[in-house]
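Colleague: I'd like to ask some things about the structure below.
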Amino acid sequence: MISKLQYLLRSRKFWAAVIAAVSALSAFALGEISTWQLVQSLVAVAAAYSTGVAIEDAGSARKVTQQ
């Protein structure tokens, strides 16, 4: 469990997702985007992060099966 948390905190994908979510939340707090745009932004962040993780997992699984 600790190694997964350490991996997550060292992940550039994770920090990019955090920065994107904070940016969307700050834009909402400043009144620059609506609630609907905030929801769309957060869904896009989650989708991009999960897609990146899935591609990485598929790549690592492929390396294991080729060895």
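Naming works like this for the structure tokens: A, B, ... for the chains as they're shown, residue 1 at the start of each chain, ligands 1 onward in shown order.
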Excluding Phe14 (chain A) and residues on its chain fewer than 2 positions from it, collect all residues at most 12 Å away from it, counting only C-alpha atoms, and give them as a PyMOL selection string.

Modeller: chain A and resi 5-12+16-21+45-46+48-53

Colleague: Take the residues from that selection and write them out as a CSV table (one decimal), in the first residue's frame, keeping N, CA and C atoms.

Modeller:
chain,number,residue,atom,x,y,z
A,5,LEU,N,1.2,4.4,-2.8
A,5,LEU,CA,1.1,5.8,-2.5
A,5,LEU,C,2.3,6.6,-2.9
A,6,GLN,N,3.5,6.0,-2.6
A,6,GLN,CA,4.8,6.7,-3.1
A,6,GLN,C,4.8,6.8,-4.6
A,7,TYR,N,4.4,5.8,-5.3
A,7,TYR,CA,4.4,5.8,-6.7
A,7,TYR,C,3.4,6.9,-7.2
A,8,LEU,N,2.3,7.0,-6.6
A,8,LEU,CA,1.3,8.1,-6.9
A,8,LEU,C,1.9,9.5,-6.7
A,9,LEU,N,2.5,9.7,-5.6
A,9,LEU,CA,3.0,11.0,-5.3
A,9,LEU,C,4.2,11.4,-6.2
A,10,ARG,N,4.9,10.4,-6.8
A,10,ARG,CA,6.0,10.7,-7.7
A,10,ARG,C,5.6,10.7,-9.2
A,11,SER,N,4.3,10.5,-9.4
A,11,SER,CA,3.8,10.4,-10.8
A,11,SER,C,3.6,11.8,-11.4
A,12,ARG,N,4.1,12.1,-12.5
A,12,ARG,CA,3.9,13.4,-13.2
A,12,ARG,C,2.4,13.4,-13.7
A,16,ALA,N,0.0,16.5,-12.7
A,16,ALA,CA,-0.7,17.3,-13.8
A,16,ALA,C,-2.2,17.3,-13.6
A,17,ALA,N,-2.7,16.2,-13.1
A,17,ALA,CA,-4.2,16.1,-12.9
A,17,ALA,C,-4.5,17.0,-11.7
A,18,VAL,N,-3.7,17.1,-10.7
A,18,VAL,CA,-4.0,17.9,-9.5
A,18,VAL,C,-3.9,19.4,-9.9
A,19,ILE,N,-2.9,19.8,-10.7
A,19,ILE,CA,-2.8,21.2,-11.2
A,19,ILE,C,-4.0,21.5,-12.0
A,20,ALA,N,-4.5,20.6,-12.9
A,20,ALA,CA,-5.6,20.9,-13.8
A,20,ALA,C,-6.9,21.1,-12.9
A,21,ALA,N,-7.1,20.2,-11.9
A,21,ALA,CA,-8.2,20.3,-11.1
A,21,ALA,C,-8.2,21.6,-10.2
A,45,VAL,N,-10.5,15.9,-16.5
A,45,VAL,CA,-9.2,15.6,-15.8
A,45,VAL,C,-9.2,14.2,-15.4
A,46,ALA,N,-10.3,13.7,-14.8
A,46,ALA,CA,-10.4,12.3,-14.4
A,46,ALA,C,-10.3,11.3,-15.6
A,48,ALA,N,-8.7,11.9,-18.5
A,48,ALA,CA,-7.3,12.0,-19.0
A,48,ALA,C,-6.4,11.2,-18.1
A,49,TYR,N,-6.6,11.4,-16.8
A,49,TYR,CA,-5.7,10.6,-15.9
A,49,TYR,C,-5.9,9.1,-16.0
A,50,SER,N,-7.2,8.7,-16.0
A,50,SER,CA,-7.4,7.3,-16.0
A,50,SER,C,-7.0,6.7,-17.3
A,51,THR,N,-7.1,7.4,-18.4
A,51,THR,CA,-6.6,6.9,-19.7
A,51,THR,C,-5.1,6.8,-19.7
A,52,GLY,N,-4.4,7.8,-19.1
A,52,GLY,CA,-2.9,7.7,-19.0
A,52,GLY,C,-2.5,6.5,-18.2
A,53,VAL,N,-3.1,6.3,-17.1
A,53,VAL,CA,-2.8,5.1,-16.2
A,53,VAL,C,-3.1,3.8,-17.0

Colleague: Suppose you want the space between CA of Val22 (chain A) and CA of Leu42 (chain A); what is it in Å?

Modeller: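 Separation of CA of Val22 (chain A) and CA of Leu42 (chain A): 9.5 Å.
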
Colleague: For CA of Glu56 (chain A) and CA of Val39 (chain A), quote the distance in Å rounded to one decimal.

Modeller: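 CA of Val39 (chain A) lies 25.8 Å from CA of Glu56 (chain A).
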